[in-house]
file target-v9.pdb (PDB, C-alpha atoms and all ligand atoms)
MODEL        1
ATOM      1  CA  MET A 244       0.000   0.000   0.000  1.00  0.00           C
ATOM      2  CA  ASN A 245       1.373   3.348  -1.079  1.00  0.00           C
ATOM      3  CA  ILE A 246      -0.065   6.403   0.650  1.00  0.00           C
ATOM      4  CA  MET A 247       0.665  10.055  -0.119  1.00  0.00           C
ATOM      5  CA  ALA A 248      -0.307  12.970   2.098  1.00  0.00           C
ATOM      6  CA  PHE A 249      -0.483  16.623   1.090  1.00  0.00           C
ATOM      7  CA  ASN A 250       0.010  19.485   3.509  1.00  0.00           C
ATOM      8  CA  GLY A 251      -1.809  22.641   2.456  1.00  0.00           C
ATOM      9  CA  SER A 252      -0.385  24.681   5.314  1.00  0.00           C
ATOM     10  CA  PRO A 253       2.730  26.843   5.012  1.00  0.00           C
ATOM     11  CA  ARG A 254       3.838  25.401   8.350  1.00  0.00           C
ATOM     12  CA  LYS A 255       5.697  22.114   8.250  1.00  0.00           C
ATOM     13  CA  ASP A 256       5.332  21.196  11.903  1.00  0.00           C
ATOM     14  CA  TRP A 257       2.069  22.692  13.152  1.00  0.00           C
ATOM     15  CA  ASN A 258      -1.501  21.451  13.330  1.00  0.00           C
ATOM     16  CA  THR A 259      -2.099  20.210   9.786  1.00  0.00           C
ATOM     17  CA  ALA A 260       1.335  18.637   9.421  1.00  0.00           C
ATOM     18  CA  ASN A 261       1.013  16.968  12.819  1.00  0.00           C
ATOM     19  CA  LEU A 262      -2.316  15.400  11.906  1.00  0.00           C
ATOM     20  CA  LEU A 263      -0.991  14.217   8.558  1.00  0.00           C
ATOM     21  CA  ASN A 264       2.119  12.769  10.156  1.00  0.00           C
ATOM     22  CA  LYS A 265       0.003  10.874  12.678  1.00  0.00           C
ATOM     23  CA  ALA A 266      -2.122   9.416   9.893  1.00  0.00           C
ATOM     24  CA  LEU A 267       0.987   8.393   7.954  1.00  0.00           C
ATOM     25  CA  GLU A 268       2.555   6.899  11.076  1.00  0.00           C
ATOM     26  CA  GLY A 269      -0.522   4.740  11.504  1.00  0.00           C
ATOM     27  CA  ALA A 270      -0.398   3.630   7.886  1.00  0.00           C
ATOM     28  CA  ALA A 271       3.341   2.931   8.097  1.00  0.00           C
ATOM     29  CA  SER A 272       2.781   0.846  11.238  1.00  0.00           C
ATOM     30  CA  LYS A 273       0.595  -1.427   9.105  1.00  0.00           C
ATOM     31  CA  GLY A 274       3.266  -1.738   6.438  1.00  0.00           C
ATOM     32  CA  ALA A 275       2.364   1.085   4.070  1.00  0.00           C
ATOM     33  CA  THR A 276       4.906   3.119   2.148  1.00  0.00           C
ATOM     34  CA  THR A 277       4.231   6.779   2.875  1.00  0.00           C
ATOM     35  CA  GLU A 278       5.213  10.203   1.635  1.00  0.00           C
ATOM     36  CA  LEU A 279       4.299  13.673   2.892  1.00  0.00           C
ATOM     37  CA  ILE A 280       4.400  16.510   0.387  1.00  0.00           C
ATOM     38  CA  HIS A 281       4.331  20.121   1.523  1.00  0.00           C
ATOM     39  CA  LEU A 282       2.480  22.045  -1.153  1.00  0.00           C
ATOM     40  CA  TYR A 283       4.153  25.313  -0.159  1.00  0.00           C
ATOM     41  CA  ASP A 284       7.512  23.809  -1.202  1.00  0.00           C
ATOM     42  CA  LEU A 285       6.290  23.491  -4.780  1.00  0.00           C
ATOM     43  CA  ASN A 286       6.084  26.026  -7.574  1.00  0.00           C
ATOM     44  CA  TYR A 287       2.733  25.871  -9.326  1.00  0.00           C
ATOM     45  CA  LYS A 288      -0.390  27.824 -10.082  1.00  0.00           C
ATOM     46  CA  GLY A 289      -4.001  26.776 -10.374  1.00  0.00           C
ATOM     47  CA  CYS A 290      -5.772  25.333 -13.393  1.00  0.00           C
ATOM     48  CA  ILE A 291      -5.370  27.446 -16.533  1.00  0.00           C
ATOM     49  CA  SER A 292      -8.552  26.037 -18.089  1.00  0.00           C
ATOM     50  CA  CYS A 293      -6.773  24.972 -21.285  1.00  0.00           C
ATOM     51  CA  PHE A 294      -9.019  21.887 -21.529  1.00  0.00           C
ATOM     52  CA  ALA A 295      -6.117  19.806 -22.893  1.00  0.00           C
ATOM     53  CA  CYS A 296      -6.904  17.152 -20.260  1.00  0.00           C
ATOM     54  CA  LYS A 297     -10.470  17.016 -21.570  1.00  0.00           C
ATOM     55  CA  THR A 298      -9.679  16.846 -25.287  1.00  0.00           C
ATOM     56  CA  LYS A 299     -10.409  13.314 -26.439  1.00  0.00           C
ATOM     57  CA  ASN A 300      -7.715  11.917 -28.758  1.00  0.00           C
ATOM     58  CA  GLY A 301      -5.457  14.795 -27.688  1.00  0.00           C
ATOM     59  CA  LYS A 302      -1.985  13.998 -26.378  1.00  0.00           C
ATOM     60  CA  SER A 303      -2.835  15.149 -22.860  1.00  0.00           C
ATOM     61  CA  TYR A 304      -6.255  13.571 -22.475  1.00  0.00           C
ATOM     62  CA  GLY A 305      -6.708  12.662 -18.821  1.00  0.00           C
ATOM     63  CA  ARG A 306      -3.511  14.396 -17.789  1.00  0.00           C
ATOM     64  CA  CYS A 307      -2.657  17.957 -16.867  1.00  0.00           C
ATOM     65  CA  PRO A 308      -0.189  19.247 -19.495  1.00  0.00           C
ATOM     66  CA  VAL A 309       1.167  22.129 -17.437  1.00  0.00           C
ATOM     67  CA  ASN A 310       4.895  21.677 -16.945  1.00  0.00           C
ATOM     68  CA  ASP A 311       5.585  22.736 -13.377  1.00  0.00           C
ATOM     69  CA  ASP A 312       6.300  21.090 -10.012  1.00  0.00           C
ATOM     70  CA  LEU A 313       2.938  19.300  -9.987  1.00  0.00           C
ATOM     71  CA  LYS A 314       3.870  17.269 -13.051  1.00  0.00           C
ATOM     72  CA  ASP A 315       5.966  14.750 -11.110  1.00  0.00           C
ATOM     73  CA  VAL A 316       3.523  14.858  -8.212  1.00  0.00           C
ATOM     74  CA  PHE A 317       0.621  13.820 -10.450  1.00  0.00           C
ATOM     75  CA  ARG A 318       2.669  10.908 -11.796  1.00  0.00           C
ATOM     76  CA  LYS A 319       3.184   9.734  -8.216  1.00  0.00           C
ATOM     77  CA  VAL A 320      -0.508  10.162  -7.417  1.00  0.00           C
ATOM     78  CA  GLU A 321      -1.312   7.799 -10.281  1.00  0.00           C
ATOM     79  CA  GLU A 322       0.772   5.149  -8.498  1.00  0.00           C
ATOM     80  CA  ALA A 323      -0.676   5.838  -5.046  1.00  0.00           C
ATOM     81  CA  ASP A 324      -3.327   3.611  -3.465  1.00  0.00           C
ATOM     82  CA  ALA A 325      -4.638   6.490  -1.392  1.00  0.00           C
ATOM     83  CA  ILE A 326      -4.031  10.160  -0.828  1.00  0.00           C
ATOM     84  CA  ILE A 327      -4.681  12.175   2.304  1.00  0.00           C
ATOM     85  CA  LEU A 328      -5.396  15.887   2.050  1.00  0.00           C
ATOM     86  CA  GLY A 329      -4.743  18.243   4.946  1.00  0.00           C
ATOM     87  CA  SER A 330      -5.385  21.965   5.012  1.00  0.00           C
ATOM     88  CA  PRO A 331      -5.893  24.697   7.531  1.00  0.00           C
ATOM     89  CA  ILE A 332      -9.154  26.595   7.258  1.00  0.00           C
ATOM     90  CA  TYR A 333      -8.513  30.034   5.798  1.00  0.00           C
ATOM     91  CA  PHE A 334     -11.617  32.202   5.806  1.00  0.00           C
ATOM     92  CA  GLY A 335     -13.933  29.240   5.788  1.00  0.00           C
ATOM     93  CA  ARG A 336     -12.222  27.269   3.045  1.00  0.00           C
ATOM     94  CA  VAL A 337      -9.032  25.338   2.348  1.00  0.00           C
ATOM     95  CA  SER A 338      -5.829  27.308   1.815  1.00  0.00           C
ATOM     96  CA  GLY A 339      -5.168  28.846  -1.591  1.00  0.00           C
ATOM     97  CA  GLU A 340      -2.379  26.362  -2.282  1.00  0.00           C
ATOM     98  CA  MET A 341      -4.673  23.439  -1.511  1.00  0.00           C
ATOM     99  CA  ALA A 342      -7.474  24.899  -3.641  1.00  0.00           C
ATOM    100  CA  SER A 343      -5.128  25.358  -6.619  1.00  0.00           C
ATOM    101  CA  PHE A 344      -3.746  21.857  -6.115  1.00  0.00           C
ATOM    102  CA  LEU A 345      -7.249  20.355  -6.053  1.00  0.00           C
ATOM    103  CA  ASP A 346      -8.345  22.256  -9.162  1.00  0.00           C
ATOM    104  CA  ARG A 347      -5.356  20.858 -11.038  1.00  0.00           C
ATOM    105  CA  LEU A 348      -5.690  17.331  -9.610  1.00  0.00           C
ATOM    106  CA  LEU A 349      -9.422  16.869  -9.975  1.00  0.00           C
ATOM    107  CA  PHE A 350     -10.129  18.455 -13.342  1.00  0.00           C
ATOM    108  CA  GLN A 351      -7.917  16.013 -15.203  1.00  0.00           C
TER     109      GLN A 351
HETATM  110  C1  LIG A 401      -5.336  33.709   6.681  1.00  0.00           C
HETATM  111  C2  LIG A 401      -5.956  32.849   7.758  1.00  0.00           C
HETATM  112  C3  LIG A 401      -7.335  32.652   7.767  1.00  0.00           C
HETATM  113  C4  LIG A 401      -7.937  31.818   8.732  1.00  0.00           C
HETATM  114  N1  LIG A 401      -9.291  31.608   8.717  1.00  0.00           N
HETATM  115  C5  LIG A 401      -9.844  30.731   9.610  1.00  0.00           C
HETATM  116  C6  LIG A 401     -11.253  30.461   9.572  1.00  0.00           C
HETATM  117  O1  LIG A 401     -11.995  30.958   8.729  1.00  0.00           O
HETATM  118  N2  LIG A 401     -11.766  29.606  10.493  1.00  0.00           N
HETATM  119  C7  LIG A 401     -10.975  29.018  11.453  1.00  0.00           C
HETATM  120  O2  LIG A 401     -11.498  28.249  12.272  1.00  0.00           O
HETATM  121  N3  LIG A 401      -9.634  29.249  11.496  1.00  0.00           N
HETATM  122  C8  LIG A 401      -9.062  30.091  10.611  1.00  0.00           C
HETATM  123  N4  LIG A 401      -7.707  30.329  10.637  1.00  0.00           N
HETATM  124  C9  LIG A 401      -6.887  29.622  11.628  1.00  0.00           C
HETATM  125  C10 LIG A 401      -6.201  28.390  11.035  1.00  0.00           C
HETATM  126  O3  LIG A 401      -7.106  27.563  10.315  1.00  0.00           O
HETATM  127  C11 LIG A 401      -5.623  27.553  12.179  1.00  0.00           C
HETATM  128  O4  LIG A 401      -4.692  28.338  12.911  1.00  0.00           O
HETATM  129  C12 LIG A 401      -4.983  26.287  11.671  1.00  0.00           C
HETATM  130  O5  LIG A 401      -4.792  25.405  12.771  1.00  0.00           O
HETATM  131  C13 LIG A 401      -3.633  26.559  11.021  1.00  0.00           C
HETATM  132  O6  LIG A 401      -3.101  25.319  10.576  1.00  0.00           O
HETATM  133  P1  LIG A 401      -1.519  25.027  10.665  1.00  0.00           P
HETATM  134  O7  LIG A 401      -1.165  25.037  12.132  1.00  0.00           O
HETATM  135  O8  LIG A 401      -1.341  23.682  10.068  1.00  0.00           O
HETATM  136  O9  LIG A 401      -0.821  26.088   9.895  1.00  0.00           O
HETATM  137  C14 LIG A 401      -7.114  31.184   9.717  1.00  0.00           C
HETATM  138  C15 LIG A 401      -5.723  31.415   9.698  1.00  0.00           C
HETATM  139  C16 LIG A 401      -5.153  32.222   8.724  1.00  0.00           C
HETATM  140  C17 LIG A 401      -3.636  32.445   8.724  1.00  0.00           C
ENDMDL
END

call {"tool": "encode", "arguments": {"input": "target-v9.pdb", "output": "structure tokens"}}
result
Amino acid sequence: MNIMAFNGSPRKDWNTANLLNKALEGAASKGATTELIHLYDLNYKGCISCFACKTKNGKSYGRCPVNDDLKDVFRKVEEADAIILGSPIYFGRVSGEMASFLDRLLFQ
């Protein structure tokens, strides 16, 4: 079992990261391979609405074509059995980094 966790907080050792680390520790204790990715370490922007991932018979169908730090991350997500998302609440919603990440991840 391969489990990836994503931290949508700028802090690497506060509430969100602690909760994610606890979840990953539990998974690792049952034999899972785990990885924690801090979204604030990555350079990326939100979805550019190019629709390349939606263009049937196009070379990027089903995949985000934007060439930034999320490219390798999305490849890893394809191999993951589960992902865990963690974000602080900023003004009643997930952080901007998490929102941009989700737009890019989910649209494809
Ligand atoms: C810009 C900003 C907006 C926030 N808005 C909310 C909010 O709407 N509701 C809430 O309960 N907490 C809000 N908080 C508090 C954070 O969600 C809270 O401190 C959270 O535990 C931070 O997570 P972290 O320790 O992983 O960074 C806000 C904090 C910041 C910096």

call {"tool": "residues_near_ligand", "arguments": {"input": "target-v9.pdb", "ligand": "ligand LIG 401 (chain A)", "cutoff": "7 Å", "atoms": "all atoms listed in the file", "output": "list in words"}}
result
Ser252, Pro253, Arg254, Trp257, Asn258, Thr259, Ala260, Ser330, Pro331, Ile332, Tyr333, Phe334, Gly335 and Arg336 of chain A

call {"tool": "resolve_selection", "arguments": {"input": "target-v9.pdb", "expression": "the PyMOL selection byres (((chain A and resi 249) around 8) and not hetatm)", "output": "list in words"}}
result
Met247, Ala248, Asn250, Gly251, Leu263, Leu279, Ile280, His281, Leu282, Ile326, Ile327, Leu328 and Gly329 of chain A

call {"tool": "closest_atom_pairs", "arguments": {"input": "target-v9.pdb", "of": "stretch 318-341 of chain A", "to": "stretch 294-307 of chain A", "cutoff": "12 Å", "atoms": "all atoms listed in the file", "output": "CSV"}}
result
residue,atom,partner,partner_atom,distance
A:Arg318,CA,A:Arg306,CA,9.3
A:Val320,CA,A:Arg306,CA,11.6
A:Glu321,CA,A:Arg306,CA,10.2

call {"tool": "atom_distance", "arguments": {"input": "target-v9.pdb", "atom1": "atom CA of A:Ile246", "atom2": "atom CA of A:Ala270"}}
result
7.8 Å

call {"tool": "axis_aligned_box", "arguments": {"input": "target-v9.pdb", "around": "stretch 326-333 of chain A", "padding_each_side": "6 Å", "output": "JSON"}}
result
{"center_x": -6.6, "center_y": 20.1, "center_z": 3.4, "size_x": 17.1, "size_y": 31.9, "size_z": 20.4}

call {"tool": "resolve_selection", "arguments": {"input": "target-v9.pdb", "expression": "the PyMOL selection byres (((chain A and resi 285-292) around 7) and not hetatm)", "output": "list in words"}}
result
Leu282, Tyr283, Asp284, Cys293, Phe294, Asp311, Asp312, Leu313, Ser343, Phe344, Asp346 and Arg347 of chain A

call {"tool": "closest_residue", "arguments": {"input": "target-v9.pdb", "among": "A:Leu262, A:Pro308, A:Asp256, A:Ala271", "to": "A:Phe350", "atoms": "all atoms listed in the file"}}
result
A:Pro308

call {"tool": "closest_residue", "arguments": {"input": "target-v9.pdb", "among": "A:Met341, A:Leu267, A:Val309, A:Ala275", "to": "A:Asp324", "atoms": "all atoms listed in the file"}}
result
A:Ala275

call {"tool": "closest_residue", "arguments": {"input": "target-v9.pdb", "among": "A:Asn264, A:Ser272, A:Asn310, A:Ala325", "to": "A:Met244", "atoms": "all atoms listed in the file"}}
result
A:Ala325

call {"tool": "build_atoms", "arguments": {"input": "target-v9.pdb", "residues": "stretch 337-348 of chain A", "atoms": "all heavy atoms", "output": "mmCIF file, in the coordinates of the input"}}
result
data_model
loop_
_atom_site.group_PDB
_atom_site.id
_atom_site.type_symbol
_atom_site.label_atom_id
_atom_site.label_comp_id
_atom_site.auth_asym_id
_atom_site.auth_seq_id
_atom_site.Cartn_x
_atom_site.Cartn_y
_atom_site.Cartn_z
ATOM 1 N N VAL A 337 -10.413 25.821 2.304
ATOM 2 C CA VAL A 337 -9.032 25.338 2.348
ATOM 3 C C VAL A 337 -8.096 26.464 1.905
ATOM 4 O O VAL A 337 -8.524 27.454 1.302
ATOM 5 C CB VAL A 337 -8.837 24.088 1.452
ATOM 6 C CG1 VAL A 337 -9.684 22.925 1.949
ATOM 7 C CG2 VAL A 337 -9.145 24.403 -0.012
ATOM 8 N N SER A 338 -6.814 26.283 2.192
ATOM 9 C CA SER A 338 -5.829 27.308 1.815
ATOM 10 C C SER A 338 -5.771 27.471 0.294
ATOM 11 O O SER A 338 -6.154 26.574 -0.467
ATOM 12 C CB SER A 338 -4.440 26.930 2.346
ATOM 13 O OG SER A 338 -3.970 25.758 1.695
ATOM 14 N N GLY A 339 -5.277 28.594 -0.156
ATOM 15 C CA GLY A 339 -5.168 28.846 -1.591
ATOM 16 C C GLY A 339 -4.331 27.801 -2.300
ATOM 17 O O GLY A 339 -4.662 27.357 -3.405
ATOM 18 N N GLU A 340 -3.234 27.384 -1.665
ATOM 19 C CA GLU A 340 -2.379 26.362 -2.282
ATOM 20 C C GLU A 340 -3.134 25.052 -2.441
ATOM 21 O O GLU A 340 -3.031 24.378 -3.466
ATOM 22 C CB GLU A 340 -1.105 26.147 -1.436
ATOM 23 C CG GLU A 340 0.081 26.963 -1.881
ATOM 24 C CD GLU A 340 -0.153 28.462 -1.719
ATOM 25 O OE1 GLU A 340 -1.109 28.862 -1.025
ATOM 26 O OE2 GLU A 340 0.616 29.233 -2.303
ATOM 27 N N MET A 341 -3.897 24.678 -1.412
ATOM 28 C CA MET A 341 -4.673 23.439 -1.511
ATOM 29 C C MET A 341 -5.762 23.567 -2.574
ATOM 30 O O MET A 341 -6.005 22.630 -3.344
ATOM 31 C CB MET A 341 -5.285 23.079 -0.150
ATOM 32 C CG MET A 341 -6.129 21.810 -0.160
ATOM 33 S SD MET A 341 -5.261 20.325 -0.711
ATOM 34 C CE MET A 341 -4.289 19.901 0.751
ATOM 35 N N ALA A 342 -6.415 24.718 -2.636
ATOM 36 C CA ALA A 342 -7.474 24.899 -3.641
ATOM 37 C C ALA A 342 -6.896 24.793 -5.053
ATOM 38 O O ALA A 342 -7.469 24.130 -5.925
ATOM 39 C CB ALA A 342 -8.159 26.252 -3.435
ATOM 40 N N SER A 343 -5.750 25.431 -5.285
ATOM 41 C CA SER A 343 -5.128 25.358 -6.619
ATOM 42 C C SER A 343 -4.690 23.932 -6.941
ATOM 43 O O SER A 343 -4.839 23.463 -8.075
ATOM 44 C CB SER A 343 -3.911 26.292 -6.693
ATOM 45 O OG SER A 343 -4.334 27.634 -6.630
ATOM 46 N N PHE A 344 -4.140 23.258 -5.926
ATOM 47 C CA PHE A 344 -3.746 21.857 -6.115
ATOM 48 C C PHE A 344 -4.956 21.007 -6.492
ATOM 49 O O PHE A 344 -4.895 20.203 -7.440
ATOM 50 C CB PHE A 344 -3.094 21.327 -4.831
ATOM 51 C CG PHE A 344 -2.794 19.858 -4.850
ATOM 52 C CD1 PHE A 344 -1.786 19.343 -5.641
ATOM 53 C CD2 PHE A 344 -3.529 18.977 -4.065
ATOM 54 C CE1 PHE A 344 -1.512 17.977 -5.664
ATOM 55 C CE2 PHE A 344 -3.264 17.615 -4.075
ATOM 56 C CZ PHE A 344 -2.255 17.118 -4.872
ATOM 57 N N LEU A 345 -6.057 21.165 -5.782
ATOM 58 C CA LEU A 345 -7.249 20.355 -6.053
ATOM 59 C C LEU A 345 -7.838 20.657 -7.430
ATOM 60 O O LEU A 345 -8.290 19.750 -8.132
ATOM 61 C CB LEU A 345 -8.297 20.582 -4.959
ATOM 62 C CG LEU A 345 -7.958 19.955 -3.605
ATOM 63 C CD1 LEU A 345 -9.004 20.345 -2.565
ATOM 64 C CD2 LEU A 345 -7.861 18.439 -3.713
ATOM 65 N N ASP A 346 -7.849 21.925 -7.820
ATOM 66 C CA ASP A 346 -8.345 22.256 -9.162
ATOM 67 C C ASP A 346 -7.542 21.511 -10.221
ATOM 68 O O ASP A 346 -8.103 20.932 -11.160
ATOM 69 C CB ASP A 346 -8.240 23.769 -9.425
ATOM 70 C CG ASP A 346 -9.241 24.581 -8.625
ATOM 71 O OD1 ASP A 346 -10.152 23.985 -8.016
ATOM 72 O OD2 ASP A 346 -9.101 25.820 -8.612
ATOM 73 N N ARG A 347 -6.229 21.525 -10.066
ATOM 74 C CA ARG A 347 -5.356 20.858 -11.038
ATOM 75 C C ARG A 347 -5.504 19.341 -10.992
ATOM 76 O O ARG A 347 -5.519 18.675 -12.030
ATOM 77 C CB ARG A 347 -3.897 21.235 -10.753
ATOM 78 C CG ARG A 347 -3.542 22.703 -11.009
ATOM 79 C CD ARG A 347 -3.186 22.969 -12.440
ATOM 80 N NE ARG A 347 -2.055 22.182 -12.887
ATOM 81 C CZ ARG A 347 -0.774 22.482 -12.648
ATOM 82 N NH1 ARG A 347 -0.468 23.576 -11.976
ATOM 83 N NH2 ARG A 347 0.200 21.718 -13.105
ATOM 84 N N LEU A 348 -5.613 18.798 -9.773
ATOM 85 C CA LEU A 348 -5.690 17.331 -9.610
ATOM 86 C C LEU A 348 -7.026 16.797 -10.117
ATOM 87 O O LEU A 348 -7.067 15.777 -10.823
ATOM 88 C CB LEU A 348 -5.512 16.979 -8.131
ATOM 89 C CG LEU A 348 -5.695 15.500 -7.766
ATOM 90 C CD1 LEU A 348 -4.562 14.652 -8.349
ATOM 91 C CD2 LEU A 348 -5.768 15.323 -6.262
#
